[in-house]
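Text of the file start07.txt, holding compact mmCIF, C-alpha atoms:
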# COMPACT_ATOMS: atom_id res chain seq x y z
CA MET N 1 0.00 0.00 0.00
CA THR N 2 1.30 3.44 -0.97
CA ILE N 3 1.22 6.17 1.70
CA ARG N 4 -0.13 9.40 0.18
CA VAL N 5 1.51 12.49 1.70
CA LEU N 6 0.75 16.21 1.57
CA LEU N 7 3.68 18.61 2.10
CA ALA N 8 3.04 22.09 3.49
CA ASP N 9 6.01 24.46 3.72
CA ASP N 10 6.51 28.01 2.50
CA GLN N 11 9.98 27.27 1.11
CA ALA N 12 10.02 25.55 -2.28
CA MET N 13 13.52 24.19 -1.71
CA VAL N 14 12.45 22.54 1.54
CA ARG N 15 9.40 20.99 -0.11
CA ASN N 16 11.56 19.69 -2.93
CA GLY N 17 14.03 18.19 -0.47
CA LEU N 18 11.30 16.53 1.56
CA ARG N 19 9.67 15.16 -1.60
CA ARG N 20 12.97 13.63 -2.73
CA ILE N 21 13.48 11.97 0.64
CA LEU N 22 9.97 10.58 0.85
CA GLU N 23 9.68 9.39 -2.73
CA SER N 24 13.01 7.59 -2.46
CA ARG N 25 10.90 4.95 -0.73
CA SER N 26 8.59 2.81 -2.85
CA ASP N 27 5.75 2.91 -0.32
CA ILE N 28 5.47 6.74 -0.12
CA THR N 29 4.26 9.25 -2.70
CA VAL N 30 3.67 13.00 -2.40
CA VAL N 31 0.21 13.83 -3.77
CA ALA N 32 0.23 17.59 -3.13
CA GLU N 33 2.36 20.52 -2.01
CA ALA N 34 1.17 23.72 -0.36
CA PRO N 35 3.15 26.95 0.17
CA ASP N 36 0.92 28.24 2.98
CA GLY N 37 -1.50 27.06 5.62
CA ALA N 38 -4.70 28.00 3.82
CA GLU N 39 -3.76 26.02 0.71
CA ALA N 40 -2.69 23.13 2.91
CA ILE N 41 -6.12 22.90 4.55
CA GLU N 42 -7.92 23.15 1.20
CA ALA N 43 -5.76 20.48 -0.44
CA ALA N 44 -5.93 18.16 2.56
CA ARG N 45 -9.71 18.31 2.75
CA ARG N 46 -10.03 17.80 -1.00
CA LEU N 47 -7.49 14.99 -1.42
CA ARG N 48 -7.68 13.29 2.00
CA PRO N 49 -3.99 12.26 2.08
CA ASP N 50 -2.86 9.54 4.46
CA VAL N 51 -0.40 11.87 6.21
CA CYS N 52 0.08 15.66 6.25
CA LEU N 53 3.58 17.02 6.86
CA VAL N 54 3.12 20.60 8.07
CA ASP N 55 5.69 23.31 8.73
CA ILE N 56 5.08 25.28 11.92
CA ARG N 57 5.67 28.74 10.44
CA MET N 58 3.82 29.53 7.22
CA PRO N 59 2.01 32.52 5.66
CA ARG N 60 -1.75 33.09 5.98
CA LEU N 61 -2.30 30.25 8.48
CA ASP N 62 0.51 28.77 10.58
CA GLY N 63 1.09 25.11 11.34
CA LEU N 64 -0.79 25.35 14.63
CA GLU N 65 -3.94 26.56 12.90
CA VAL N 66 -3.57 23.95 10.16
CA THR N 67 -3.19 21.19 12.73
CA ARG N 68 -6.29 22.25 14.63
CA ALA N 69 -8.29 22.47 11.39
CA LEU N 70 -7.26 19.02 10.17
CA ALA N 71 -6.77 17.06 13.40
CA GLY N 72 -8.23 19.08 16.27
CA PRO N 73 -10.60 17.73 18.92
CA GLY N 74 -13.63 19.11 17.08
CA VAL N 75 -12.77 17.50 13.73
CA ALA N 76 -15.13 14.64 12.91
CA ASP N 77 -12.75 12.76 10.63
CA PRO N 78 -9.24 13.94 11.53
CA LEU N 79 -6.21 13.49 9.30
CA PRO N 80 -2.81 12.40 10.68
CA VAL N 81 -0.63 15.52 10.95
CA VAL N 82 3.12 15.47 11.55
CA VAL N 83 4.60 18.86 12.40
CA VAL N 84 8.04 19.64 10.98
CA THR N 85 10.00 22.39 12.68
CA THR N 86 13.43 23.99 12.83
CA PHE N 87 13.18 24.64 16.57
CA ASP N 88 13.85 22.18 19.40
CA LEU N 89 12.05 24.23 22.06
CA ASP N 90 9.12 25.90 20.37
CA GLU N 91 5.82 26.63 22.12
CA TYR N 92 4.07 26.41 18.76
CA VAL N 93 5.08 22.76 18.45
CA TYR N 94 3.62 22.12 21.89
CA GLY N 95 0.44 23.87 20.76
CA ALA N 96 0.34 21.65 17.68
CA LEU N 97 0.69 18.60 19.90
CA ARG N 98 -2.32 19.75 21.89
CA GLY N 99 -4.07 20.54 18.62
CA GLY N 100 -3.94 16.91 17.53
CA ALA N 101 -0.56 16.37 15.83
CA VAL N 102 0.57 12.76 15.96
CA GLY N 103 4.25 13.53 15.62
CA PHE N 104 6.88 16.15 15.01
CA VAL N 105 10.43 16.08 13.73
CA LEU N 106 13.23 18.55 13.17
CA LYS N 107 13.98 19.48 9.59
CA ASP N 108 17.61 18.43 10.08
CA ALA N 109 16.77 15.17 11.86
CA GLY N 110 17.67 13.14 8.79
CA PRO N 111 15.76 11.09 6.22
CA ALA N 112 15.30 8.00 8.38
CA LEU N 113 13.39 9.81 11.13
CA LEU N 114 11.20 11.66 8.63
CA ILE N 115 10.24 8.44 6.89
CA GLU N 116 9.65 6.73 10.22
CA ALA N 117 7.34 9.59 11.27
CA VAL N 118 5.27 9.25 8.09
CA ARG N 119 5.00 5.49 8.39
CA SER N 120 4.11 5.71 12.09
CA ALA N 121 1.38 8.27 11.43
CA HIS N 122 -0.04 6.13 8.63
CA ALA N 123 -0.08 3.10 10.91
CA GLY N 124 -2.14 5.00 13.48
CA ASP N 125 0.79 5.43 15.83
CA ALA N 126 2.77 8.52 16.77
CA LEU N 127 6.46 9.15 16.55
CA ILE N 128 7.77 10.83 19.66
CA SER N 129 11.33 11.84 18.92
CA PRO N 130 13.45 12.12 22.07
CA SER N 131 15.48 14.88 20.42
CA VAL N 132 12.35 17.03 20.16
CA THR N 133 9.56 15.82 22.38
CA LEU N 134 11.35 15.11 25.61
CA ARG N 135 13.32 18.37 25.69
CA LEU N 136 10.27 20.34 24.62
CA LEU N 137 7.95 18.89 27.25
CA ARG N 138 10.59 19.00 29.97
CA HIS N 139 11.26 22.66 29.19
CA LEU N 140 7.61 23.67 29.16
CA THR N 141 6.57 21.75 32.28
CA ALA N 142 9.64 22.29 34.48
CA ALA N 143 8.15 25.31 36.19
CA ALA N 144 4.61 23.96 36.43
CA PRO N 145 3.46 22.84 39.89
CA ALA N 146 2.39 19.25 40.35
CA PRO N 147 -1.41 18.95 40.11
CA ASP N 148 -3.50 18.22 43.20
CA ARG N 149 -5.75 15.70 41.43
CA PRO N 150 -4.89 12.02 41.93
CA ASN N 151 -3.41 9.88 39.17
CA PRO N 152 -6.31 7.80 37.77
CA LEU N 153 -3.99 5.20 36.23
CA SER N 154 -3.01 1.86 37.71
CA ASP N 155 0.64 1.24 38.54
CA ARG N 156 1.18 -0.71 35.32
CA GLU N 157 -0.63 1.90 33.23
CA THR N 158 1.57 4.57 34.82
CA GLU N 159 4.67 2.61 33.81
CA VAL N 160 3.39 2.39 30.24
CA ALA N 161 2.60 6.12 30.18
CA ARG N 162 6.13 6.91 31.39
CA ALA N 163 7.59 4.70 28.65
CA VAL N 164 5.53 6.51 26.02
CA ALA N 165 6.68 9.87 27.38
CA ARG N 166 10.29 8.69 27.02
CA GLY N 167 9.68 7.95 23.34
CA ARG N 168 9.52 4.18 23.61
CA THR N 169 7.74 2.12 20.94
CA ASN N 170 5.23 -0.57 21.90
CA GLN N 171 7.89 -3.23 21.36
CA GLU N 172 10.46 -1.37 23.48
CA THR N 173 7.89 -0.83 26.23
CA ALA N 174 6.99 -4.53 26.17
CA ASP N 175 10.66 -5.51 26.43
CA GLU N 176 11.32 -3.11 29.32
CA LEU N 177 8.25 -4.20 31.31
CA PHE N 178 8.49 -7.92 30.41
CA ILE N 179 4.99 -8.02 28.94
CA SER N 180 3.62 -8.68 25.45
CA VAL N 181 3.05 -6.04 22.80
CA SER N 182 -0.68 -6.85 22.84
CA THR N 183 -0.72 -6.16 26.58
CA VAL N 184 1.00 -2.81 26.01
CA LYS N 185 -1.65 -1.95 23.42
CA GLY N 186 -4.37 -2.91 25.89
CA HIS N 187 -2.89 -0.65 28.55
CA MET N 188 -2.58 2.18 26.01
CA SER N 189 -6.24 1.83 25.12
CA ALA N 190 -7.19 1.93 28.80
CA ILE N 191 -4.96 4.98 29.43
CA GLN N 192 -6.48 6.93 26.55
CA THR N 193 -10.01 6.03 27.66
CA LYS N 194 -9.41 7.02 31.28
CA LEU N 195 -7.73 10.30 30.38
CA GLY N 196 -9.90 11.19 27.39
CA LEU N 197 -6.85 11.37 25.09
CA ARG N 198 -6.59 10.35 21.45
CA ASN N 199 -3.00 9.31 20.79
CA ARG N 200 0.46 8.63 22.18
CA VAL N 201 1.61 12.22 21.81
CA GLU N 202 -1.20 13.45 24.07
CA VAL N 203 -0.37 10.69 26.56
CA ALA N 204 3.27 11.86 26.59
CA ALA N 205 2.19 15.44 27.19
CA TRP N 206 -0.11 14.35 30.02
CA ALA N 207 2.72 12.38 31.67
CA TRP N 208 5.04 15.40 31.66
CA GLU N 209 2.35 17.86 32.74
CA ASN N 210 1.41 15.63 35.67
CA HIS N 211 5.04 15.12 36.73
CA LEU N 212 5.04 11.38 36.18
CA MET N 213 8.60 11.78 34.93
CA ASP N 214 9.78 13.08 38.32
CA THR N 215 10.17 9.48 39.44
CA PRO N 216 11.80 6.58 37.58

Output the structure of this file as structure tokens.
Amino acid sequence: MTIRVLLADDQAMVRNGLRRILESRSDITVVAEAPDGAEAIEAARRLRPDVCLVDIRMPRLDGLEVTRALAGPGVADPLPVVVVTTFDLDEYVYGALRGGAVGFVLKDAGPALLIEAVRSAHAGDALISPSVTLRLLRHLTAAAPAPDRPNPLSDRETEVARAVARGRTNQETADELFISVSTVKGHMSAIQTKLGLRNRVEVAAWAWENHLMDTP
């Protein structure tokens, strides 16, 4: 199956570079390019690509607005959005995460991570890059006080949430906790249901915001 990708970036050279990287793989094809956020939303709604790669800073509408429009909580049939940014610690990336993005990568992270992000998004998973996500969330939550509300998760679910927040895959989490991948998936489903969250990225954000990472 070919993964159909939309690229949204205001720099033609960047779009060309991303297209070359993605289409070097036989299972990925770029079906549309957009130089600004408004065109990205129009093209995405018209073409329904499998994955949208969206720059965070674009004319007319920025990546945050595009993410909310295509993948936000109020969207009936959301599209997988991966935010691509130049900045490690960028509050707009955090806003995109809250807006429904299922992944984000740095533009200089290299071809392998970009392709992995696209494939993960298409598979219904989320790529949480330690080089971006962990530093971003740690930076933004360091000064936040621990919440008074109790943790609704079981001990095992808390361990799984911590693993997700550290960027672990289901297989890596299963290996670390000595459980099966299907059990990890079951815990993830329970975590998302209990917390009212939609994907792994939101679970990671919740874990950092609630200071689950303060303890091993």

What's the separation between CA of Leu212 in chain N and CA of Ala96 in chain N, in Å to one decimal place?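 Going from CA of Leu212 in chain N over to CA of Ala96 in chain N covers 21.7 Å.
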
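Across N:Leu127, N:Pro35, N:Gly63, N:Ala76, the tightest approach to Ile115 in chain N is made by N:Leu127 when counting all atoms listed in the file.
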
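CA of Met188 in chain N lies 7.5 Å from CA of Glu157 in chain N.
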
So that I can check the surroundings of Thr85 in chain N, please list as a VMD selection string every protein, DNA and RNA residue that reaches within 7 Å of it, counting all atoms listed in the file and ignoring chain neighbours fewer than 3 positions away. chain N and resid 55 to 56 105 to 107

Please produce an output containing C-alpha atoms for each residue in the selection, written as a PDB file, in the coordinates of the input.
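The result, stored in result_14.pdb:
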ATOM      1  CA  ASP N  55       5.690  23.310   8.730  1.00  0.00           C
ATOM      2  CA  ILE N  56       5.080  25.280  11.920  1.00  0.00           C
ATOM      3  CA  VAL N 105      10.430  16.080  13.730  1.00  0.00           C
ATOM      4  CA  LEU N 106      13.230  18.550  13.170  1.00  0.00           C
ATOM      5  CA  LYS N 107      13.980  19.480   9.590  1.00  0.00           C
TER       6      LYS N 107
END

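Counting only C-alpha atoms and comparing N:His211, N:Arg119, N:Arg198, N:Arg4, the residue that lies closest to Arg149 in chain N is N:His211.
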
For a quick check of understanding, using all atoms listed in the file, which of N:Leu53, N:Glu33, N:Ala165, N:Ala123 has the smallest distance to Ala12 in chain N? N:Glu33

In Å to one decimal, how far is CA of Arg46 in chain N from CA of Gly72 in chain N? 17.4 Å

If we count only C-alpha atoms and set the cut-off at 10 Å, which residues sit around Met213 in chain N, ignoring sequence neighbours fewer than 3 positions away in its own chain? Please answer as a ChimeraX atom specification. /N:138,161-163,165-166,204,207-210,216

Pick the closest to Ala43 in chain N from N:Leu6, N:Pro150, N:Gln11, N:Gly95: which is it, counting only C-alpha atoms?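 Using only C-alpha atoms, the shortest distance to Ala43 in chain N belongs to N:Leu6.
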
Near Thr173 in chain N, within 12 Å and counting all atoms listed in the file, which residues show up once chain neighbours fewer than 4 positions away are dropped, as a ChimeraX atom specification? /N:156-169,177-185,187-188

Taking only C-alpha atoms into account, name the residue in N:Val81, N:Ser24, N:Ile3, N:Pro73 that is nearest to Gly196 in chain N.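 Answer, going by the shortest atom-to-atom distance: N:Pro73.
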
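Shell of Pro78 in chain N at 12 Å, with all atoms listed in the file counted and residues fewer than 5 places along the chain excluded, is Ile41, Ala44, Arg45, Arg48, Pro49, Asp50, Val51, Cys52, Val66, Thr67, Arg68, Ala69, Leu70, Ala71, Gly72, Pro73, Gly99, Gly100, Ala101, Val102, Gly124 and Arg198 of chain N.
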
Within 10 Å of (0.5, 34.0, 6.2) (coordinates as in the file), grab all the protein and nucleic acid residues, counting all atoms listed in the file, and write them out as a PyMOL selection string. chain N and resi 10+35-38+57-62

File of the preceding selection, C-alpha atoms, as a short mmCIF file (atom, residue, chain, number, x, y, z; two decimals), in the frame of the given file:
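For reference, result-v4.cif as written:
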data_model
loop_
_atom_site.label_atom_id
_atom_site.label_comp_id
_atom_site.auth_asym_id
_atom_site.auth_seq_id
_atom_site.Cartn_x
_atom_site.Cartn_y
_atom_site.Cartn_z
CA ASP N 10 6.51 28.01 2.50
CA PRO N 35 3.15 26.95 0.17
CA ASP N 36 0.92 28.24 2.98
CA GLY N 37 -1.50 27.06 5.62
CA ALA N 38 -4.70 28.00 3.82
CA ARG N 57 5.67 28.74 10.44
CA MET N 58 3.82 29.53 7.22
CA PRO N 59 2.01 32.52 5.66
CA ARG N 60 -1.75 33.09 5.98
CA LEU N 61 -2.30 30.25 8.48
CA ASP N 62 0.51 28.77 10.58
#

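With distances restricted to only C-alpha atoms, N:Ala8 is the closest residue to Ala34 in chain N from N:Val83, N:Ala8, N:Met13, N:Leu18.
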